[in-house]
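Worksheet: the structure to be examined is printed underneath.
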Number of protein chains: 2
Amino acid sequence: MSQGIEWSIHCCALLALLPPKRTLRIEKIAQFYDLPVPYLRKHFQDLSRAGILKTTSGPKGGYRLAREAKEVNLLHIYEAIEGPEHAFRCNEIRQNGPNTCGQKVYPAACNIATSMWKAEEAFRRELEKVSLEDIVKTAALQISPERRQKSAQWLEEALSNQ
Amino acid sequence: MSQGIEWSIHCCALLALLPPKRTLRIEKIAQFYDLPVPYLRKHFQDLSRAGILKTTSGPKGGYRLAREAKEVNLLHIYEAIEGPEHAFRCNEIRQNGPNTCGQKVYPAACNIATSMWKAEEAFRRELEKVSLEDIVKTAALQISPERRQKSAQWLEEALSNQ
């Protein structure tokens with residue numbers, strides 16, 4: 001699984017903390033988690049294409065969530081980064097070899113592929129249950145007062161300096 | 001997900017069809033699905049290490065399942081190939097950046113990691129439900145008579161020629 005999943009969920013959770021209509025420059029977001037801007041930009045482009053992030057241009061431009069935190073779930077972010085395809089790719093190897101009978105005798109996907117896809121579906125259904133709002137709310141219970149205070153101060157400064 | 005998962009499940013399902021105590025040479029197994037022997041051997045080594053396949057040496061040596069088909073499930077094969085680690089690797093990026101507070105304030109995994117791992121757990125629980133015996137039984141209902149006959153004949157010849 002791409003490292004971009006961890007980066008993207010954390011960065012989207014950070015953006016969920018912004019006041020309404022405000023944006024944050026990608027350089028500041030990258031700084032918050034000590035991430036390389038060029039790689040992060042690639043993921044942000046994927047997230048924007050998926051309708052999760054919105055970018056505004058200009059000297060005060062930056063990124064914000066394109067919709068409310070409760071309307072973005074972990075499956076949206078996962079699919080934006082990894083794509084909508086199954087992780088298990090069926091190459092129909094059962095059709096290969098000396099006993100092949102041509103495509104006509106394989107009308108449906110085999111039970112190996114469908115079993116793998118059913119398991120992937122269970123994975124996706126779990127991700128779908130967790131919204132960015134859930135992440136932010138439960139994170140607030142996990143974060144130490146020291147960390148919360150530092151982050152809030154950093155965010156205030158970052159917003160006032162741009 | 002590695003292509004080795006598809007290869008391994010199909011090959012293990014083929015080996016589940018062998019008469020008791022019989023083995024099949026890797027070259028024949030590879031031929032059945034038109035797979036490259038060197039890559040397949042790498043996966044077979046992983047499957048052997050995981051106690052799923054057993055190999056016998058000598059001129060009549062080859063591979064067979066190390067235990068009954070009902071005792072091998074898709075999670076066993078998945079973990080033999082992909083390893084037991086989570087697909088989502090948490091790099092604790094929340095501890096990075098200008099607001100870091102040192103490891104002491106992060107006693108437990110964050111809710112992003114635990115949410116991803118919970119979803120992976122759902123994936124694994126589904127794979128665990130499906131045994132090689134299930135695969136072979138439902139495949140028998142899916143396979144056309146033409147394919148079944150060709151394969152049975154091929155297997156008989158392969159076993160008698162080694």
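Quick note on naming: the chains in the structure tokens go A, B, ... in the order shown, residues restart at 1 in each chain, and ligands are numbered from 1 in order of appearance.
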Practice problem: Write out as number ranges by chain which residues come within 6 Å of stretch 77-94 of chain B when counting only C-alpha atoms, dropping same-chain ones fewer than 3 positions away. | Solution: A: 1, 33; B: 46-47, 50, 74
Restricting it to C-alpha atoms, dump the selection as a short mmCIF file (atom, residue, chain, number, x, y, z; two decimals), in the first residue's frame.
data_model
loop_
_atom_site.label_atom_id
_atom_site.label_comp_id
_atom_site.auth_asym_id
_atom_site.auth_seq_id
_atom_site.Cartn_x
_atom_site.Cartn_y
_atom_site.Cartn_z
CA MET A 1 0.00 0.00 0.00
CA TYR A 33 4.55 16.46 9.09
CA ASP B 46 7.70 -19.17 0.45
CA LEU B 47 4.79 -21.63 0.52
CA ALA B 50 4.95 -21.48 5.58
CA LEU B 74 -6.55 -18.28 1.51
#
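In this comparison, which uses only C-alpha atoms, the residue of B:Glu27, B:Glu126, B:Glu133, B:Glu156 approaching chain A most closely is B:Glu126.
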Quiz prompt | Long-range neighbours of B:Pro59 as a list in words, 8 Å cut-off, only C-alpha atoms, 2 positions minimum in chain | solution =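 Listed by chain and then number, they are Ser57, Gly61 and Gln162 of chain B.
The interatomic distance for the pair atom CA of A:Gln153 and atom CA of A:Tyr63 works out to 19.2 Å.
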Quiz item: By how many Å are atom CA of B:Asp134 and atom CA of B:Gln31 apart?
Solution: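 Straight-line distance from atom CA of B:Asp134 to atom CA of B:Gln31 works out to 24.0 Å.
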Quiz item: So what do you get for atom CA of B:Leu24 versus atom CA of B:Arg41, distance-wise?
Solution: 13.1 Å
